[in-house]
file my_file.txt (compact mmCIF, C-alpha atoms)
# COMPACT_ATOMS: atom_id res chain seq x y z
CA MET F 147 -19.09 28.86 18.69
CA THR F 148 -18.97 27.08 15.33
CA GLU F 149 -19.64 23.37 15.56
CA PRO F 150 -16.83 21.20 14.17
CA ALA F 151 -17.54 19.62 10.81
CA PRO F 152 -18.48 15.94 11.01
CA GLN F 153 -15.78 13.39 10.31
CA GLN F 154 -15.94 12.05 6.78
CA ASP F 155 -16.20 8.49 5.53
CA TYR F 156 -13.60 8.37 2.77
CA GLY F 157 -14.82 4.95 1.68
CA PHE F 158 -11.31 3.46 1.57
CA ARG F 159 -10.39 -0.12 2.41
CA HIS F 160 -6.59 0.20 2.67
CA VAL F 161 -6.33 3.75 4.05
CA LEU F 162 -7.25 4.52 7.66
CA ILE F 163 -8.74 7.94 8.47
CA ASP F 164 -8.35 9.79 11.77
CA TYR F 165 -8.64 13.35 13.07
CA PRO F 166 -5.82 13.83 15.62
CA ALA F 167 -6.30 17.60 15.97
CA PRO F 168 -8.83 20.25 14.94
CA GLY F 169 -8.66 20.79 11.20
CA VAL F 170 -6.16 17.95 10.67
CA VAL F 171 -6.97 14.67 8.95
CA LEU F 172 -4.48 11.80 9.18
CA LEU F 173 -4.46 9.19 6.42
CA THR F 174 -2.54 5.98 7.12
CA LEU F 175 -1.75 3.59 4.27
CA ASN F 176 -2.67 0.26 5.80
CA ARG F 177 -1.14 -2.86 4.26
CA PRO F 178 1.70 -3.30 6.76
CA ASP F 179 2.14 -7.00 5.97
CA ARG F 180 3.15 -5.94 2.43
CA HIS F 181 5.05 -2.82 3.50
CA ASN F 182 2.02 -0.85 2.27
CA ALA F 183 2.72 -1.92 -1.31
CA ALA F 184 0.00 -0.60 -3.60
CA ASN F 185 -2.14 -3.43 -4.93
CA ALA F 186 -4.83 -2.54 -7.48
CA MET F 187 -7.26 -1.35 -4.81
CA LEU F 188 -4.78 0.77 -2.86
CA HIS F 189 -3.41 2.26 -6.08
CA GLU F 190 -6.94 3.35 -7.00
CA GLU F 191 -7.52 4.73 -3.50
CA LEU F 192 -4.29 6.74 -3.69
CA SER F 193 -5.57 8.40 -6.86
CA HIS F 194 -8.70 9.56 -5.00
CA ILE F 195 -6.96 10.91 -1.88
CA PRO F 196 -6.60 14.55 -3.03
CA ALA F 197 -10.26 14.90 -4.02
CA ARG F 198 -11.44 13.30 -0.77
CA ILE F 199 -9.31 15.70 1.28
CA ASP F 200 -10.56 18.75 -0.61
CA ALA F 201 -14.17 17.58 -0.07
CA ASP F 202 -13.62 16.98 3.67
CA GLY F 203 -15.22 19.86 5.57
CA GLY F 204 -13.46 18.78 8.77
CA ALA F 205 -9.97 19.08 7.32
CA ARG F 206 -7.87 22.15 6.63
CA VAL F 207 -4.68 20.15 6.17
CA ALA F 208 -3.86 16.46 5.65
CA VAL F 209 -1.03 14.25 6.85
CA VAL F 210 -0.33 10.95 5.12
CA THR F 211 1.85 8.19 6.58
CA GLY F 212 2.24 4.41 6.50
CA ALA F 213 1.27 1.70 8.97
CA GLY F 214 4.07 -0.39 10.42
CA LYS F 215 7.68 0.07 9.36
CA ALA F 216 7.19 1.36 5.81
CA PHE F 217 5.61 4.37 4.17
CA CYS F 218 4.81 2.67 0.84
CA VAL F 219 7.24 0.61 -1.20
CA GLY F 220 5.46 1.15 -4.52
CA GLY F 221 3.40 -1.24 -6.58
CA ASP F 222 2.72 -4.72 -5.27
CA TYR F 223 4.88 -7.05 -7.37
CA ALA F 224 2.25 -9.80 -7.18
CA ASP F 225 -0.23 -7.54 -8.99
CA ILE F 226 2.37 -6.18 -11.40
CA ALA F 227 3.49 -9.67 -12.38
CA ALA F 228 -0.10 -10.82 -12.84
CA GLY F 229 -0.78 -7.85 -15.13
CA THR F 230 2.30 -8.29 -17.32
CA ASP F 231 0.26 -9.08 -20.45
CA ASP F 232 -2.88 -7.19 -19.47
CA PHE F 233 -3.15 -4.01 -21.51
CA THR F 234 -6.27 -2.82 -19.67
CA TYR F 235 -4.54 -3.22 -16.29
CA LYS F 236 -1.60 -1.13 -17.48
CA LEU F 237 -3.85 1.52 -19.01
CA ASN F 238 -5.83 1.84 -15.78
CA GLY F 239 -2.60 2.12 -13.82
CA MET F 240 -1.36 4.89 -16.09
CA ARG F 241 -4.64 6.81 -15.77
CA GLU F 242 -4.66 6.47 -11.98
CA THR F 243 -1.06 7.67 -11.76
CA LEU F 244 -1.88 10.68 -13.94
CA GLN F 245 -4.90 11.40 -11.73
CA LEU F 246 -2.87 11.08 -8.53
CA VAL F 247 -0.06 13.37 -9.64
CA SER F 248 -2.19 16.03 -11.34
CA SER F 249 -4.71 16.12 -8.48
CA ILE F 250 -1.98 16.53 -5.83
CA VAL F 251 -0.62 19.47 -7.82
CA ASP F 252 -4.07 21.04 -8.13
CA MET F 253 -5.62 20.20 -4.74
CA ARG F 254 -6.67 23.21 -2.67
CA LYS F 255 -5.62 22.02 0.78
CA PRO F 256 -2.04 21.39 1.89
CA ILE F 257 -0.79 17.86 2.38
CA ILE F 258 2.16 16.77 4.50
CA SER F 259 3.90 13.42 4.13
CA ALA F 260 5.25 11.70 7.25
CA ILE F 261 7.67 9.30 5.55
CA ASN F 262 8.05 6.90 8.44
CA GLY F 263 9.90 4.18 6.52
CA PRO F 264 10.95 3.03 3.05
CA ALA F 265 9.24 4.75 0.13
CA ALA F 266 9.40 3.85 -3.55
CA GLY F 267 7.31 4.01 -6.73
CA ALA F 268 3.80 5.37 -6.24
CA GLY F 269 4.51 5.76 -2.54
CA LEU F 270 7.51 7.96 -3.26
CA ALA F 271 5.43 10.01 -5.68
CA LEU F 272 2.90 10.72 -2.94
CA ALA F 273 5.67 11.42 -0.42
CA LEU F 274 7.63 13.89 -2.53
CA LEU F 275 4.68 15.67 -4.17
CA ALA F 276 3.32 16.57 -0.73
CA ASP F 277 3.65 20.25 0.07
CA ILE F 278 5.85 19.48 3.08
CA SER F 279 7.70 16.19 3.57
CA VAL F 280 9.16 14.89 6.83
CA ALA F 281 11.33 11.81 6.36
CA ASN F 282 12.71 9.23 8.74
CA GLU F 283 16.42 10.04 8.61
CA GLU F 284 17.22 6.30 8.64
CA ALA F 285 14.71 5.22 5.96
CA ASN F 286 15.60 4.53 2.36
CA LEU F 287 13.89 6.38 -0.48
CA SER F 288 14.24 4.86 -3.92
CA ASP F 289 13.00 5.37 -7.43
CA GLY F 290 13.95 1.92 -8.62
CA HIS F 291 12.45 1.99 -12.11
CA THR F 292 15.66 1.50 -14.09
CA LYS F 293 16.56 -1.55 -11.98
CA ILE F 294 13.49 -3.34 -13.32
CA GLY F 295 13.83 -2.16 -16.90
CA LEU F 296 11.42 0.80 -16.71
CA ALA F 297 11.74 4.47 -17.48
CA ALA F 298 11.27 6.58 -14.34
CA GLY F 299 7.85 7.91 -15.14
CA ASP F 300 5.46 8.17 -12.22
CA HIS F 301 6.63 11.52 -10.82
CA ALA F 302 10.39 11.84 -11.14
CA ALA F 303 10.72 14.11 -14.20
CA LEU F 304 8.13 16.44 -12.68
CA ILE F 305 9.49 17.02 -9.19
CA TRP F 306 13.06 15.79 -8.65
CA PRO F 307 14.89 18.45 -10.72
CA LEU F 308 12.95 21.21 -8.95
CA LEU F 309 13.67 19.80 -5.49
CA CYS F 310 17.28 18.69 -5.66
CA SER F 311 18.72 19.96 -9.00
CA LEU F 312 18.94 18.22 -12.35
CA ALA F 313 22.43 16.93 -11.54
CA LYS F 314 21.30 15.14 -8.37
CA ALA F 315 18.09 13.94 -10.06
CA LYS F 316 20.10 12.26 -12.81
CA ARG F 317 22.53 10.82 -10.28
CA TYR F 318 19.81 8.94 -8.41
CA LEU F 319 17.18 8.32 -11.11
CA LEU F 320 19.59 6.84 -13.64
CA THR F 321 21.31 4.55 -11.13
CA ALA F 322 18.18 3.81 -9.04
CA ASP F 323 20.40 3.97 -5.95
CA LYS F 324 18.68 4.24 -2.59
CA ILE F 325 18.99 7.47 -0.63
CA SER F 326 18.57 7.88 3.12
CA GLY F 327 16.17 10.38 4.61
CA ARG F 328 19.15 12.20 6.07
CA GLU F 329 20.78 12.56 2.65
CA ALA F 330 17.44 13.42 1.05
CA GLU F 331 17.16 16.39 3.40
CA ARG F 332 20.75 17.45 2.68
CA ILE F 333 20.16 17.66 -1.07
CA GLY F 334 16.70 19.21 -0.72
CA LEU F 335 14.64 16.22 -1.86
CA VAL F 336 12.55 16.37 1.34
CA SER F 337 11.64 19.31 3.55
CA GLU F 338 12.96 17.86 6.81
CA ALA F 339 14.46 14.69 8.27
CA ALA F 340 13.72 13.50 11.78
CA SER F 341 14.53 10.58 14.06
CA PRO F 342 12.22 7.59 13.51
CA ASP F 343 10.06 8.30 16.56
CA GLN F 344 9.65 11.98 15.70
CA VAL F 345 8.53 11.76 12.05
CA LEU F 346 4.78 11.64 12.66
CA PRO F 347 4.80 14.02 15.66
CA ARG F 348 6.74 16.59 13.63
CA ALA F 349 4.39 16.22 10.64
CA LEU F 350 1.37 16.67 12.91
CA GLU F 351 2.99 19.71 14.55
CA LEU F 352 3.41 21.31 11.12
CA ALA F 353 -0.15 20.35 10.20
CA GLU F 354 -1.55 22.06 13.29
CA GLN F 355 0.50 25.14 12.45
CA LEU F 356 -0.98 25.26 8.94
CA ALA F 357 -4.50 24.53 10.19
CA ALA F 358 -4.34 27.63 12.38
CA LEU F 359 -3.63 29.92 9.40
CA SER F 360 -6.02 31.48 6.90
CA PRO F 361 -7.17 28.61 4.65
CA LEU F 362 -7.47 30.88 1.62
CA ALA F 363 -4.03 32.40 2.15
CA VAL F 364 -2.49 28.93 2.41
CA GLU F 365 -4.44 27.66 -0.60
CA LEU F 366 -3.45 30.50 -2.90
CA THR F 367 0.19 30.48 -1.76
CA LYS F 368 0.31 26.77 -2.55
CA ARG F 369 -1.37 27.34 -5.91
CA SER F 370 1.07 30.04 -6.94
CA LEU F 371 4.09 27.92 -5.96
CA ASN F 372 2.71 24.90 -7.82
CA SER F 373 2.73 26.92 -11.03
CA TRP F 374 6.28 25.58 -11.40
CA LEU F 375 4.89 22.04 -11.37
CA ARG F 376 2.07 22.82 -13.79
CA GLN F 377 4.65 24.11 -16.26
CA ALA F 378 6.45 20.78 -16.03
CA MET F 379 3.36 18.60 -16.56
CA PRO F 380 4.13 17.92 -20.26
CA SER F 381 7.47 16.42 -19.21
CA PHE F 382 5.71 14.28 -16.62
CA GLU F 383 3.13 13.00 -19.11
CA SER F 384 5.88 12.11 -21.57
CA SER F 385 7.82 10.24 -18.90
CA LEU F 386 4.68 8.35 -17.86
CA GLY F 387 4.17 7.31 -21.48
CA TYR F 388 7.78 6.15 -21.68
CA GLU F 389 7.29 4.10 -18.53
CA MET F 390 4.23 2.40 -20.02
CA LEU F 391 6.18 1.65 -23.20
CA THR F 392 8.99 0.00 -21.25
CA THR F 393 6.53 -2.26 -19.41
CA PHE F 394 6.48 -4.27 -22.66
CA SER F 395 10.28 -4.41 -22.98
CA PRO F 396 12.21 -7.70 -22.70
CA ASP F 397 14.36 -6.16 -19.94
CA HIS F 398 11.34 -5.43 -17.77
CA LEU F 399 9.75 -8.82 -18.39
CA ALA F 400 13.01 -10.55 -17.47
CA ALA F 401 13.36 -8.43 -14.32
CA MET F 402 9.85 -9.28 -13.18
CA SER F 403 9.97 -13.03 -13.75
CA GLY F 404 9.87 -14.81 -10.42
CA LYS F 405 10.01 -11.54 -8.45
CA ASP F 406 7.93 -11.16 -5.30
CA ARG F 407 7.88 -8.69 -2.41
call {"tool": "encode", "arguments": {"input": "my_file.txt", "output": "structure tokens"}}
result
Amino acid sequence: MTEPAPQQDYGFRHVLIDYPAPGVVLLTLNRPDRHNAANAMLHEELSHIPARIDADGGARVAVVTGAGKAFCVGGDYADIAAGTDDFTYKLNGMRETLQLVSSIVDMRKPIISAINGPAAGAGLALALLADISVANEEANLSDGHTKIGLAAGDHAALIWPLLCSLAKAKRYLLTADKISGREAERIGLVSEAASPDQVLPRALELAEQLAALSPLAVELTKRSLNSWLRQAMPSFESSLGYEMLTTFSPDHLAAMSGKDR
């Protein structure tokens, strides 16, 4: 009998690692006191998640979720406000976002998001770019960029039109309205919606199902399907550039003044 691969030390501070079933690694974003908002360290760790999973010999499939009541509500406003005039901070953030999105698209192993609570910004990017997404039917998902004077650039142009149609993408990305997990499933933005207590169990059930299949068959099926996303990468990179440009706009600076989460 083949010995199980040793559990890996991912080296993360704000992401907990567990192995709830053979071949399944569970990553839990762990800043519950801030609704798992991505400060500088967590944002960097998010960008390394795909590579760590691919390098993990004990994992055939990954599940990512959030500690507490939220999945991840996006960037931590305290950090964003502090970096308002810091060009290097913004450049690093742009590079990490590009790394996160492109590496999720290209990673070999499947990833499932268990969207247990509110998701926005970088958290929503991770949630929706996962190969399978299971959302709390009562949770709100929101790409709120336009509400704070930013172009929607961290993932939206890449994935929303493919998931839920261009018409629905424009409806929610232009207005920045929140959308429930139940409605997100109805329009195809997420794979499934579940009751709050069943989100993680359902994601783990799907993960075990995938872990039992041929890893190469799953990998190459995922790769062929993600060809649609690779074709859209130029649009994503443009939108990310537009977002960075609008971080210097008066509207964004006014929106961020005095804001805290």
call {"tool": "atom_distance", "arguments": {"input": "my_file.txt", "atom1": "atom CA of F:Met379", "atom2": "atom CA of F:Met402"}}
result
28.8 Å
call {"tool": "closest_residue", "arguments": {"input": "my_file.txt", "among": "F:Met240, F:His194, F:Ala273, F:Glu331", "to": "F:Gly157", "atoms": "only C-alpha atoms"}}
result
F:His194
call {"tool": "atom_distance", "arguments": {"input": "my_file.txt", "atom1": "atom CA of F:Asp179", "atom2": "atom CA of F:Gly269"}}
result
15.5 Å
call {"tool": "closest_residue", "arguments": {"input": "my_file.txt", "among": "F:Glu329, F:Asp222, F:Glu191, F:Glu284", "to": "F:Leu162", "atoms": "only C-alpha atoms"}}
result
F:Glu191
call {"tool": "atom_distance", "arguments": {"input": "my_file.txt", "atom1": "atom CA of F:Lys316", "atom2": "atom CA of F:Ala339"}}
result
22.0 Å
call {"tool": "closest_residue", "arguments": {"input": "my_file.txt", "among": "F:Leu320, F:Tyr388, F:Pro166, F:Gly212", "to": "F:Ser259", "atoms": "all atoms listed in the file"}}
result
F:Gly212
call {"tool": "closest_atom_pairs", "arguments": {"input": "my_file.txt", "of": "stretch 239-298 of chain F", "to": "stretch 341-348 of chain F", "cutoff": "12 Å", "atoms": "only C-alpha atoms", "output": "CSV"}}
result
residue,atom,partner,partner_atom,distance
F:Ile258,CA,F:Leu346,CA,10.0
F:Ser259,CA,F:Leu346,CA,8.8
F:Ala260,CA,F:Leu346,CA,5.4
F:Ile261,CA,F:Val345,CA,7.0
F:Asn262,CA,F:Val345,CA,6.1
F:Gly263,CA,F:Pro342,CA,8.1
F:Pro264,CA,F:Pro342,CA,11.5
F:Ile278,CA,F:Arg348,CA,11.0
F:Ser279,CA,F:Val345,CA,9.6
F:Val280,CA,F:Val345,CA,6.1
F:Ala281,CA,F:Val345,CA,6.3
F:Asn282,CA,F:Pro342,CA,5.1
F:Glu283,CA,F:Ser341,CA,5.8
F:Glu284,CA,F:Pro342,CA,7.1
F:Ala285,CA,F:Pro342,CA,8.3
call {"tool": "write_last_selection", "arguments": {"input": "my_file.txt", "atoms": "C-alpha atoms", "output": "short mmCIF file (atom, residue, chain, number, x, y, z; two decimals), in the frame of the given file"}}
result
data_model
loop_
_atom_site.label_atom_id
_atom_site.label_comp_id
_atom_site.auth_asym_id
_atom_site.auth_seq_id
_atom_site.Cartn_x
_atom_site.Cartn_y
_atom_site.Cartn_z
CA ILE F 258 2.16 16.77 4.50
CA SER F 259 3.90 13.42 4.13
CA ALA F 260 5.25 11.70 7.25
CA ILE F 261 7.67 9.30 5.55
CA ASN F 262 8.05 6.90 8.44
CA GLY F 263 9.90 4.18 6.52
CA PRO F 264 10.95 3.03 3.05
CA ILE F 278 5.85 19.48 3.08
CA SER F 279 7.70 16.19 3.57
CA VAL F 280 9.16 14.89 6.83
CA ALA F 281 11.33 11.81 6.36
CA ASN F 282 12.71 9.23 8.74
CA GLU F 283 16.42 10.04 8.61
CA GLU F 284 17.22 6.30 8.64
CA ALA F 285 14.71 5.22 5.96
#
call {"tool": "closest_atom_pairs", "arguments": {"input": "my_file.txt", "of": "stretch 176-273 of chain F", "to": "stretch 296-315 of chain F", "cutoff": "8 Å", "atoms": "only C-alpha atoms", "output": "CSV"}}
result
residue,atom,partner,partner_atom,distance
F:Thr243,CA,F:Asp300,CA,6.6
F:Leu244,CA,F:Asp300,CA,7.9
F:Val247,CA,F:His301,CA,7.0
F:Gly267,CA,F:Asp300,CA,7.1
F:Ala268,CA,F:Asp300,CA,6.8
F:Ala271,CA,F:His301,CA,5.5
call {"tool": "build_atoms", "arguments": {"input": "my_file.txt", "residues": "stretch 325-336 of chain F", "atoms": "all heavy atoms", "output": "mmCIF file, in the frame of the given file"}}
result
data_model
loop_
_atom_site.group_PDB
_atom_site.id
_atom_site.type_symbol
_atom_site.label_atom_id
_atom_site.label_comp_id
_atom_site.auth_asym_id
_atom_site.auth_seq_id
_atom_site.Cartn_x
_atom_site.Cartn_y
_atom_site.Cartn_z
ATOM 1 N N ILE F 325 18.497 6.277 -1.297
ATOM 2 C CA ILE F 325 18.990 7.470 -0.630
ATOM 3 C C ILE F 325 18.339 7.550 0.747
ATOM 4 O O ILE F 325 17.135 7.330 0.889
ATOM 5 C CB ILE F 325 18.690 8.719 -1.473
ATOM 6 C CG1 ILE F 325 19.170 9.986 -0.778
ATOM 7 C CG2 ILE F 325 17.214 8.824 -1.817
ATOM 8 C CD1 ILE F 325 19.079 11.215 -1.664
ATOM 9 N N SER F 326 19.111 7.809 1.758
ATOM 10 C CA SER F 326 18.570 7.880 3.120
ATOM 11 C C SER F 326 17.782 9.173 3.308
ATOM 12 O O SER F 326 17.983 10.165 2.598
ATOM 13 C CB SER F 326 19.690 7.804 4.148
ATOM 14 O OG SER F 326 20.447 9.014 4.134
ATOM 15 N N GLY F 327 16.899 9.163 4.288
ATOM 16 C CA GLY F 327 16.170 10.380 4.610
ATOM 17 C C GLY F 327 17.096 11.510 4.984
ATOM 18 O O GLY F 327 16.855 12.672 4.647
ATOM 19 N N ARG F 328 18.178 11.184 5.665
ATOM 20 C CA ARG F 328 19.150 12.200 6.070
ATOM 21 C C ARG F 328 19.787 12.852 4.835
ATOM 22 O O ARG F 328 19.907 14.078 4.756
ATOM 23 C CB ARG F 328 20.225 11.571 6.952
ATOM 24 C CG ARG F 328 21.218 12.556 7.547
ATOM 25 C CD ARG F 328 22.253 11.836 8.396
ATOM 26 N NE ARG F 328 21.657 11.176 9.551
ATOM 27 C CZ ARG F 328 21.506 9.857 9.670
ATOM 28 N NH1 ARG F 328 21.890 9.050 8.680
ATOM 29 N NH2 ARG F 328 20.968 9.337 10.748
ATOM 30 N N GLU F 329 20.183 12.025 3.869
ATOM 31 C CA GLU F 329 20.780 12.560 2.650
ATOM 32 C C GLU F 329 19.741 13.276 1.795
ATOM 33 O O GLU F 329 20.037 14.296 1.150
ATOM 34 C CB GLU F 329 21.433 11.422 1.846
ATOM 35 C CG GLU F 329 22.036 11.840 0.507
ATOM 36 C CD GLU F 329 23.246 12.756 0.633
ATOM 37 O OE1 GLU F 329 23.704 13.035 1.765
ATOM 38 O OE2 GLU F 329 23.746 13.194 -0.415
ATOM 39 N N ALA F 330 18.515 12.765 1.809
ATOM 40 C CA ALA F 330 17.440 13.420 1.050
ATOM 41 C C ALA F 330 17.207 14.838 1.554
ATOM 42 O O ALA F 330 16.970 15.760 0.770
ATOM 43 C CB ALA F 330 16.157 12.600 1.150
ATOM 44 N N GLU F 331 17.288 15.037 2.863
ATOM 45 C CA GLU F 331 17.160 16.390 3.400
ATOM 46 C C GLU F 331 18.353 17.247 2.977
ATOM 47 O O GLU F 331 18.197 18.415 2.597
ATOM 48 C CB GLU F 331 17.067 16.369 4.917
ATOM 49 C CG GLU F 331 16.929 17.777 5.519
ATOM 50 C CD GLU F 331 17.078 17.809 7.022
ATOM 51 O OE1 GLU F 331 17.899 17.030 7.563
ATOM 52 O OE2 GLU F 331 16.374 18.613 7.661
ATOM 53 N N ARG F 332 19.552 16.677 3.006
ATOM 54 C CA ARG F 332 20.750 17.450 2.680
ATOM 55 C C ARG F 332 20.709 18.004 1.261
ATOM 56 O O ARG F 332 21.105 19.147 1.023
ATOM 57 C CB ARG F 332 22.008 16.580 2.860
ATOM 58 C CG ARG F 332 23.315 17.357 2.748
ATOM 59 C CD ARG F 332 24.521 16.440 2.729
ATOM 60 N NE ARG F 332 24.635 15.727 1.463
ATOM 61 C CZ ARG F 332 25.169 16.245 0.354
ATOM 62 N NH1 ARG F 332 25.626 17.495 0.350
ATOM 63 N NH2 ARG F 332 25.259 15.524 -0.745
ATOM 64 N N ILE F 333 20.181 17.206 0.326
ATOM 65 C CA ILE F 333 20.160 17.660 -1.070
ATOM 66 C C ILE F 333 18.863 18.372 -1.432
ATOM 67 O O ILE F 333 18.700 18.821 -2.571
ATOM 68 C CB ILE F 333 20.423 16.502 -2.050
ATOM 69 C CG1 ILE F 333 19.279 15.481 -2.032
ATOM 70 C CG2 ILE F 333 21.765 15.839 -1.760
ATOM 71 C CD1 ILE F 333 19.420 14.387 -3.080
ATOM 72 N N GLY F 334 17.933 18.474 -0.474
ATOM 73 C CA GLY F 334 16.700 19.210 -0.720
ATOM 74 C C GLY F 334 15.565 18.386 -1.297
ATOM 75 O O GLY F 334 14.548 18.948 -1.725
ATOM 76 N N LEU F 335 15.695 17.061 -1.306
ATOM 77 C CA LEU F 335 14.640 16.220 -1.860
ATOM 78 C C LEU F 335 13.420 16.174 -0.933
ATOM 79 O O LEU F 335 12.291 16.018 -1.394
ATOM 80 C CB LEU F 335 15.167 14.805 -2.108
ATOM 81 C CG LEU F 335 14.283 13.868 -2.930
ATOM 82 C CD1 LEU F 335 14.077 14.390 -4.345
ATOM 83 C CD2 LEU F 335 14.888 12.464 -2.970
ATOM 84 N N VAL F 336 13.645 16.286 0.370
ATOM 85 C CA VAL F 336 12.550 16.370 1.340
ATOM 86 C C VAL F 336 12.707 17.648 2.159
ATOM 87 O O VAL F 336 13.793 18.230 2.225
ATOM 88 C CB VAL F 336 12.502 15.141 2.282
ATOM 89 C CG1 VAL F 336 12.271 13.871 1.491
ATOM 90 C CG2 VAL F 336 13.773 15.046 3.131
#
